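Coordinates from target02.tsv are shown below (TSV, C-alpha atoms and all ligand atoms).
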chain	number	residue	atom	x	y	z
A	16	MET	CA	-161.33	-4.32	-54.62
A	17	ILE	CA	-157.57	-3.92	-54.94
A	18	GLU	CA	-155.98	-2.58	-51.77
A	19	THR	CA	-152.78	-0.56	-52.05
A	20	THR	CA	-150.54	-0.91	-49.06
A	21	ALA	CA	-147.50	1.19	-48.17
A	22	ALA	CA	-145.39	-1.80	-49.13
A	23	ASP	CA	-146.99	-1.83	-52.63
A	24	VAL	CA	-146.22	1.86	-53.06
A	25	LEU	CA	-142.66	1.30	-51.95
A	26	ALA	CA	-142.38	-1.69	-54.21
A	27	SER	CA	-143.76	0.12	-57.25
A	28	ARG	CA	-142.25	3.57	-56.80
A	29	VAL	CA	-139.01	3.32	-54.96
A	30	VAL	CA	-137.51	-0.11	-55.28
A	31	PRO	CA	-137.37	-0.27	-59.10
A	32	LEU	CA	-135.34	2.95	-59.14
A	33	GLU	CA	-132.83	1.65	-56.64
A	34	ILE	CA	-129.98	-0.62	-57.57
A	35	THR	CA	-128.74	-2.81	-54.75
A	36	GLN	CA	-125.12	-2.94	-53.69
A	37	ALA	CA	-124.91	-6.53	-54.94
A	38	GLU	CA	-126.11	-5.40	-58.39
A	39	VAL	CA	-123.56	-2.59	-58.46
A	40	PHE	CA	-120.89	-5.11	-57.44
A	41	GLN	CA	-121.97	-7.42	-60.29
A	42	ALA	CA	-122.00	-4.53	-62.76
A	43	VAL	CA	-118.44	-3.56	-61.77
A	44	GLN	CA	-117.19	-7.18	-61.99
A	45	ALA	CA	-118.93	-7.71	-65.33
A	46	ASP	CA	-116.89	-4.89	-66.86
A	47	SER	CA	-113.47	-6.57	-66.82
A	48	LEU	CA	-111.66	-3.43	-67.98
A	49	LEU	CA	-113.22	-1.45	-65.15
A	50	SER	CA	-112.66	-4.05	-62.43
A	51	ALA	CA	-109.02	-4.62	-63.54
A	52	SER	CA	-108.38	-0.88	-63.08
A	53	LEU	CA	-109.51	-1.24	-59.47
A	54	TRP	CA	-107.90	-4.58	-58.55
A	55	ILE	CA	-104.49	-3.51	-59.84
A	56	ASN	CA	-104.51	-0.61	-57.40
A	57	ILE	CA	-105.45	-2.86	-54.49
A	58	ALA	CA	-102.47	-5.09	-55.31
A	59	LEU	CA	-100.06	-2.17	-55.75
A	60	ALA	CA	-101.26	-0.40	-52.61
A	61	GLY	CA	-100.69	-3.63	-50.62
A	62	LEU	CA	-97.16	-4.02	-52.00
A	63	SER	CA	-96.41	-0.33	-51.35
A	64	ILE	CA	-97.47	-0.62	-47.71
A	65	LEU	CA	-95.08	-3.55	-47.16
A	66	LEU	CA	-92.26	-1.84	-49.05
A	67	PHE	CA	-92.61	1.51	-47.25
A	68	VAL	CA	-92.72	-0.13	-43.80
A	69	TYR	CA	-89.54	-2.02	-44.70
A	70	MET	CA	-87.82	1.12	-46.07
A	71	GLY	CA	-88.62	3.08	-42.91
A	72	ARG	CA	-87.47	0.47	-40.40
A	73	ASN	CA	-84.30	2.36	-39.36
A	74	VAL	CA	-85.45	5.97	-39.69
A	75	GLU	CA	-84.86	7.80	-36.41
A	76	ASP	CA	-85.22	11.53	-37.02
A	77	SER	CA	-88.68	12.77	-36.05
A	78	ARG	CA	-89.27	14.92	-39.18
A	79	ALA	CA	-88.18	12.01	-41.38
A	80	GLN	CA	-90.50	9.71	-39.41
A	81	LEU	CA	-93.38	12.14	-39.92
A	82	ILE	CA	-92.73	12.18	-43.68
A	83	PHE	CA	-92.78	8.37	-43.58
A	84	VAL	CA	-96.06	8.23	-41.68
A	85	ALA	CA	-97.72	10.69	-44.08
A	86	ALA	CA	-96.43	8.78	-47.13
A	87	LEU	CA	-97.47	5.42	-45.64
A	88	MET	CA	-101.01	6.73	-45.14
A	89	VAL	CA	-101.33	7.21	-48.92
A	90	PRO	CA	-101.42	3.49	-49.89
A	91	LEU	CA	-103.37	2.70	-46.70
A	92	VAL	CA	-106.13	5.13	-47.71
A	93	SER	CA	-105.85	3.89	-51.28
A	94	ILE	CA	-106.36	0.21	-50.46
A	95	SER	CA	-109.48	1.17	-48.47
A	96	SER	CA	-110.71	3.41	-51.26
A	97	TYR	CA	-110.35	0.76	-53.97
A	98	THR	CA	-111.87	-1.94	-51.75
A	99	GLY	CA	-114.89	0.34	-51.38
A	100	LEU	CA	-115.09	0.71	-55.17
A	101	VAL	CA	-114.74	-2.99	-56.11
A	102	SER	CA	-117.29	-4.02	-53.50
A	103	GLY	CA	-119.86	-1.60	-54.90
A	104	LEU	CA	-120.11	0.18	-51.54
A	105	THR	CA	-118.93	3.56	-52.85
A	106	VAL	CA	-120.27	3.35	-56.41
A	107	SER	CA	-123.74	4.48	-57.47
A	108	PHE	CA	-125.72	4.63	-60.66
A	109	LEU	CA	-126.97	8.22	-60.93
A	110	GLU	CA	-129.47	9.59	-63.44
A	111	MET	CA	-127.90	12.48	-65.32
A	112	PRO	CA	-129.91	15.73	-65.56
A	113	PRO	CA	-131.22	17.30	-68.80
A	114	GLY	CA	-128.41	18.98	-70.72
A	115	HIS	CA	-125.93	16.20	-69.97
A	116	ALA	CA	-124.80	14.10	-72.96
A	117	LEU	CA	-126.25	11.02	-71.21
A	118	ALA	CA	-129.36	12.80	-69.87
A	119	GLY	CA	-131.89	10.41	-68.37
A	120	GLN	CA	-129.42	7.53	-68.28
A	121	GLU	CA	-128.01	5.94	-65.15
A	122	VAL	CA	-124.29	6.64	-65.13
A	123	LEU	CA	-121.89	4.65	-62.97
A	124	THR	CA	-120.43	7.16	-60.49
A	125	PRO	CA	-117.45	6.06	-58.39
A	126	TRP	CA	-118.04	8.75	-55.77
A	127	GLY	CA	-115.87	6.95	-53.21
A	128	ARG	CA	-112.82	8.09	-55.16
A	129	TYR	CA	-113.55	11.76	-54.56
A	130	LEU	CA	-114.37	11.13	-50.91
A	131	THR	CA	-111.15	9.25	-50.17
A	132	TRP	CA	-109.05	11.80	-52.11
A	133	ALA	CA	-110.00	14.14	-49.25
A	134	LEU	CA	-107.90	11.88	-47.02
A	135	SER	CA	-105.08	10.75	-49.32
A	136	THR	CA	-104.19	14.03	-51.06
A	137	PRO	CA	-103.60	15.98	-47.80
A	138	MET	CA	-101.11	13.23	-46.83
A	139	ILE	CA	-99.23	13.77	-50.09
A	140	LEU	CA	-99.18	17.51	-49.45
A	141	ILE	CA	-98.12	17.17	-45.81
A	142	ALA	CA	-95.18	14.97	-46.87
A	143	LEU	CA	-94.22	17.49	-49.58
A	144	GLY	CA	-94.61	20.44	-47.20
A	145	LEU	CA	-92.37	18.82	-44.58
A	146	LEU	CA	-89.78	18.23	-47.28
A	147	ALA	CA	-89.96	21.87	-48.39
A	148	GLY	CA	-89.73	23.22	-44.82
A	149	THR	CA	-93.14	24.86	-44.97
A	150	ASN	CA	-94.52	27.08	-42.22
A	151	MET	CA	-97.78	26.22	-40.46
A	152	SER	CA	-99.98	28.78	-42.22
A	153	LYS	CA	-99.01	27.57	-45.70
A	154	LEU	CA	-99.51	23.94	-44.65
A	155	PHE	CA	-102.90	24.73	-43.15
A	156	THR	CA	-103.96	26.72	-46.24
A	157	ILE	CA	-102.95	24.06	-48.75
A	158	VAL	CA	-104.54	21.20	-46.77
A	159	VAL	CA	-107.84	23.06	-46.31
A	160	ALA	CA	-107.91	24.14	-49.98
A	161	ASP	CA	-107.14	20.56	-51.04
A	162	ILE	CA	-109.94	19.10	-48.90
A	163	GLY	CA	-112.23	21.81	-50.31
A	164	MET	CA	-111.24	20.74	-53.83
A	165	CYS	CA	-112.07	17.08	-53.15
A	166	VAL	CA	-115.36	17.70	-51.34
A	167	THR	CA	-116.67	20.12	-54.00
A	168	GLY	CA	-115.49	17.65	-56.66
A	169	LEU	CA	-117.63	15.06	-54.84
A	170	ALA	CA	-120.54	17.51	-54.93
A	171	ALA	CA	-120.07	17.95	-58.70
A	172	ALA	CA	-120.25	14.19	-59.21
A	173	LEU	CA	-123.30	13.71	-56.97
A	174	THR	CA	-125.44	16.64	-58.22
A	175	THR	CA	-128.25	15.24	-60.33
A	176	SER	CA	-130.75	18.12	-60.09
A	177	SER	CA	-129.07	20.45	-62.58
A	178	TYR	CA	-126.42	20.07	-65.26
A	179	LEU	CA	-125.33	23.69	-64.77
A	180	LEU	CA	-124.82	23.16	-61.05
A	181	ARG	CA	-122.58	20.17	-61.70
A	182	TRP	CA	-120.24	22.55	-63.55
A	183	VAL	CA	-120.62	25.26	-60.90
A	184	TRP	CA	-119.29	22.76	-58.33
A	185	TYR	CA	-116.56	21.82	-60.78
A	186	GLY	CA	-115.60	25.52	-61.06
A	187	ILE	CA	-115.49	25.93	-57.26
A	188	SER	CA	-113.31	22.83	-57.01
A	189	CYS	CA	-110.94	24.30	-59.64
A	190	ALA	CA	-110.71	27.53	-57.61
A	191	PHE	CA	-109.51	25.51	-54.59
A	192	PHE	CA	-107.11	23.69	-56.89
A	193	VAL	CA	-105.54	27.01	-57.95
A	194	VAL	CA	-104.69	27.71	-54.28
A	195	VAL	CA	-103.02	24.29	-54.02
A	196	LEU	CA	-101.03	24.90	-57.22
A	197	TYR	CA	-99.97	28.38	-56.09
A	198	ILE	CA	-98.49	27.13	-52.80
A	199	LEU	CA	-96.78	24.21	-54.50
A	200	LEU	CA	-95.31	26.18	-57.37
A	201	ALA	CA	-94.55	29.54	-55.79
A	202	GLU	CA	-94.35	29.31	-52.01
A	203	TRP	CA	-92.91	25.87	-51.35
A	204	ALA	CA	-90.50	26.03	-54.27
A	205	GLN	CA	-88.84	29.02	-52.55
A	206	ASP	CA	-89.00	27.39	-49.10
A	207	ALA	CA	-87.26	24.30	-50.45
A	208	GLU	CA	-84.35	26.47	-51.69
A	209	VAL	CA	-83.87	27.78	-48.14
A	210	ALA	CA	-84.23	24.29	-46.67
A	211	GLY	CA	-81.65	22.79	-49.07
A	212	THR	CA	-84.13	20.26	-50.48
A	213	ALA	CA	-84.83	22.07	-53.77
A	214	GLU	CA	-83.60	19.32	-56.08
A	215	ILE	CA	-85.82	16.50	-54.83
A	216	PHE	CA	-88.66	18.92	-54.10
A	217	ASN	CA	-88.64	20.23	-57.68
A	218	THR	CA	-88.73	16.70	-59.12
A	219	LEU	CA	-91.68	15.72	-56.90
A	220	LYS	CA	-93.41	19.06	-57.45
A	221	LEU	CA	-93.26	18.61	-61.23
A	222	LEU	CA	-94.54	15.04	-61.00
A	223	THR	CA	-97.36	16.15	-58.71
A	224	VAL	CA	-98.45	19.21	-60.70
A	225	VAL	CA	-98.43	17.44	-64.09
A	226	LEU	CA	-100.35	14.41	-62.80
A	227	TRP	CA	-102.82	16.31	-60.63
A	228	LEU	CA	-103.76	18.47	-63.66
A	229	GLY	CA	-104.87	15.24	-65.35
A	230	TYR	CA	-107.64	14.56	-62.79
A	231	PRO	CA	-109.89	17.56	-63.63
A	232	ILE	CA	-109.21	16.99	-67.34
A	233	PHE	CA	-110.36	13.35	-67.17
A	234	TRP	CA	-113.33	14.30	-64.96
A	235	ALA	CA	-114.42	16.82	-67.61
A	236	LEU	CA	-113.98	14.32	-70.47
A	237	GLY	CA	-115.41	11.31	-68.60
A	238	ALA	CA	-118.98	10.06	-68.28
A	239	GLU	CA	-119.67	12.40	-65.37
A	240	GLY	CA	-118.69	15.49	-67.40
A	241	LEU	CA	-118.89	15.82	-71.19
A	242	ALA	CA	-119.11	12.01	-71.65
A	243	VAL	CA	-116.49	11.91	-74.40
A	244	LEU	CA	-114.76	8.96	-72.67
A	245	ASP	CA	-116.52	5.93	-71.27
A	246	VAL	CA	-116.53	4.84	-67.63
A	247	ALA	CA	-113.86	2.11	-67.90
A	248	ILE	CA	-111.40	4.32	-69.82
A	249	THR	CA	-111.85	7.12	-67.29
A	250	SER	CA	-111.35	4.66	-64.44
A	251	TRP	CA	-108.10	3.44	-66.03
A	252	ALA	CA	-106.96	7.04	-66.45
A	253	TYR	CA	-107.54	7.71	-62.73
A	254	SER	CA	-105.95	4.40	-61.74
A	255	GLY	CA	-102.89	5.02	-63.94
A	256	MET	CA	-102.45	8.54	-62.57
A	257	ASP	CA	-102.95	7.20	-59.03
A	258	ILE	CA	-100.16	4.66	-59.51
A	259	ILE	CA	-97.64	7.39	-60.34
A	260	ALA	CA	-99.04	10.20	-58.17
A	261	LYS	CA	-99.20	7.95	-55.12
A	262	TYR	CA	-96.95	4.89	-55.13
A	263	VAL	CA	-94.15	6.12	-57.42
A	264	PHE	CA	-94.27	9.56	-55.79
A	265	ALA	CA	-94.06	8.11	-52.26
A	266	PHE	CA	-91.32	5.67	-53.24
A	267	LEU	CA	-89.12	8.44	-54.71
A	268	LEU	CA	-89.72	10.65	-51.68
A	269	LEU	CA	-89.02	7.93	-49.10
A	270	ARG	CA	-85.93	6.64	-50.89
A	271	TRP	CA	-84.53	10.20	-50.82
A	272	VAL	CA	-85.42	10.64	-47.14
A	273	VAL	CA	-83.65	7.38	-46.21
A	274	ASP	CA	-80.54	8.41	-48.16
A	275	ASN	CA	-80.58	11.99	-46.79
A	276	GLU	CA	-81.89	11.61	-43.26
A	277	ARG	CA	-79.15	13.97	-41.98
A	278	THR	CA	-80.35	16.79	-44.29
A	279	VAL	CA	-83.91	16.27	-43.11
A	280	ALA	CA	-82.79	16.20	-39.47
A	281	ASP	CA	-80.76	19.40	-39.95
A	282	MET	CA	-83.73	21.35	-41.29
A	283	ALA	CA	-84.93	23.94	-38.79
A	284	SER	CA	-87.13	22.25	-36.24
A	285	GLY	CA	-90.82	23.08	-36.09
A	286	LEU	CA	-92.90	24.33	-38.97
A	287	GLY	CA	-91.87	27.77	-40.07
A	288	SER	CA	-88.41	28.83	-39.13
A	289	ALA	CA	-86.88	27.61	-42.38
A	290	SER	CA	-89.12	29.76	-44.53
A	291	ARG	CA	-89.30	33.43	-45.40
A	292	GLY	CA	-91.45	35.36	-42.99
A	293	GLY	CA	-91.13	32.69	-40.30
A	294	ALA	CA	-90.27	33.68	-36.75
A	295	ALA	CA	-86.58	34.52	-36.37
A	296	PRO	CA	-84.71	32.29	-33.94
A	297	ALA	CA	-83.82	33.96	-30.64
A	298	ASP	CA	-80.19	35.06	-30.26
A	299	ASP	CA	-79.65	33.76	-26.76
B	1	LIG	C1	-111.85	16.96	-59.60
B	1	LIG	C2	-113.09	17.47	-60.32
B	1	LIG	C3	-113.42	18.85	-60.02
B	1	LIG	C4	-112.28	19.80	-60.36
B	1	LIG	C5	-110.95	19.32	-59.86
B	1	LIG	C6	-110.72	17.99	-59.53
B	1	LIG	C7	-109.35	17.65	-59.08
B	1	LIG	C8	-108.92	16.53	-58.55
B	1	LIG	C9	-107.56	16.21	-58.20
B	1	LIG	C10	-107.37	15.00	-57.64
B	1	LIG	C11	-106.14	14.42	-57.24
B	1	LIG	C12	-106.17	13.19	-56.73
B	1	LIG	C13	-105.06	12.41	-56.29
B	1	LIG	C14	-105.38	11.27	-55.65
B	1	LIG	C15	-104.47	10.40	-55.05
B	1	LIG	O1	-104.84	9.68	-54.15
B	1	LIG	C16	-112.27	16.54	-58.19
B	1	LIG	C17	-111.43	15.72	-60.40
B	1	LIG	C18	-109.87	20.37	-59.78
B	1	LIG	C19	-106.45	17.15	-58.45
B	1	LIG	C20	-103.68	12.85	-56.50
Let me see the structure of the file written as structure tokens.
Amino acid sequence: MIETTAADVLASRVVPLEITQAEVFQAVQADSLLSASLWINIALAGLSILLFVYMGRNVEDSRAQLIFVAALMVPLVSISSYTGLVSGLTVSFLEMPPGHALAGQEVLTPWGRYLTWALSTPMILIALGLLAGTNMSKLFTIVVADIGMCVTGLAAALTTSSYLLRWVWYGISCAFFVVVLYILLAEWAQDAEVAGTAEIFNTLKLLTVVLWLGYPIFWALGAEGLAVLDVAITSWAYSGMDIIAKYVFAFLLLRWVVDNERTVADMASGLGSASRGGAAPADD
């Protein structure tokens, strides 16, 4: 008589469907185009950290220091994010649901990206908001909407039960993104005029808006969406956009802050008094 133990059931039903972390790691390393897109970001994030610390060594104004800390967090989160991806820790092979172009196939899903965007993108926005002289309610709104965008984007990537629901999550994420774009383009652009930082703010705003629009486009075209582009090409698209949206962005911002520390220091203190609708300063 053949006895079936719990271990046999586990071995026959569960284990074959699971791919170990070591196998994911090997799969990532075996695709040289894919792994190069990750390693290059680890190297650039490391260099950016050293460069930004050096650039900020003499900054004394507290608002300027806060902008530096927020900007420095971007490559710090990034180096952790990409280390998670190359090691296979934050990458999974997920079976796509019926209706998807790759239905039934295991698609490499770098879900760690979307998770860590929930930490890095608020830092970018906090740095931009401080530059624009935002008030607290706009800063709170944009940061919450941004985290909402990243977390629902993560949900879109991880949903394997229904193809339709993947796109529902995608739609919710886009709705959050509209809030982010509105504050950047309408509210903060006006605040920056009042704060006297409009020129640099407008350059960084343009860079941010154009690049950030690329992320949902590549998600939709990549293997997780319509599967028009393959995994390695999509990964390079994200990595390329990351390089400009994070390291180049932060470098331009910090270089301006170092050269214009007085302007930053002279901005109204606190979050709000420089913007329309903020509390009026007392006369006495
Ligand atoms: C997703 C898919 C769902 C719809 C939308 C997205 C937007 C993502 C964005 C990401 C920006 C990331 C950056 C990372 C830097 O560390 C999640 C791709 C709207 C805008 C700038």
Contact check, range 201-289 of chain A to range 175-179 of chain A, at most 12 Å, counting all atoms listed in the file, closest pairs as CSV:
residue,atom,partner,partner_atom,distance
A:Glu239,CA,A:Tyr178,CA,10.2
A:Gly240,CA,A:Tyr178,CA,9.2
A:Leu241,CA,A:Tyr178,CA,10.5
d(CA of Glu276 in chain A, CA of Glu208 in chain A) in Å |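 Computing the Euclidean distance for CA of Glu276 in chain A and CA of Glu208 in chain A yields 17.3 Å.
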What residues have any atom no more than 7 Å from ligand LIG 1 (chain B) when counting all atoms listed in the file, and can you list them as a count of residues only?
-> 25
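Taking CA of Val158 in chain A and CA of Leu196 in chain A as endpoints, the distance between them is 11.6 Å.
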Can you tell me how far CA of Val272 in chain A sits from CA of Ile139 in chain A, in Å to one decimal?
->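 Between these atoms lies a distance of 14.5 Å.
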With only C-alpha atoms as the basis for distance, which of A:Asn150, A:Thr278, A:Gln80, A:Ser107 is at the shortest distance from Val68 in chain A?
->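 The answer is A:Gln80, which sits nearest to Val68 in chain A.
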Show which residues sit within 12 Å of Leu123 in chain A, as a VMD selection string. Count all atoms listed in the file, and ignore same-chain residues fewer than 3 positions away.
-> chain A and resid 34 38 to 40 42 to 43 46 49 100 103 105 to 111 117 120 126 to 127 172 to 173 237 to 239 242 245 to 247 249 to 250
Determine the nearest neighbour of Pro90 in chain A from the options A:Ser254, A:Ser102, A:Thr212, A:Ser63, counting all atoms listed in the file.
->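 Distance minimum relative to Pro90 in chain A lands on A:Ser63.
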Quick one: of A:Arg270, A:Arg128, A:Arg78, A:Lys220, who's nearest to Leu140 in chain A, counting only C-alpha atoms?
->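 Using only C-alpha atoms, Leu140 in chain A sits closest to A:Lys220.
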Contacts of range 56-62 of chain A within 10 Å, only C-alpha atoms, excl. fewer than 5 positions in-chain, as a list in words | Ala51, Phe67, Leu87, Val89, Pro90, Leu91, Val92, Ser93, Ile94, Ser95, Ser96, Tyr97, Thr98, Val101, Ser254, Gly255, Asp257, Ile258, Lys261 and Tyr262 of chain A
Tell me which of A:Thr156, A:Gly119, A:Thr131, A:Ala252 sits closest to Ser52 in chain A, counting all atoms listed in the file.
->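 Closest candidate: A:Ala252.
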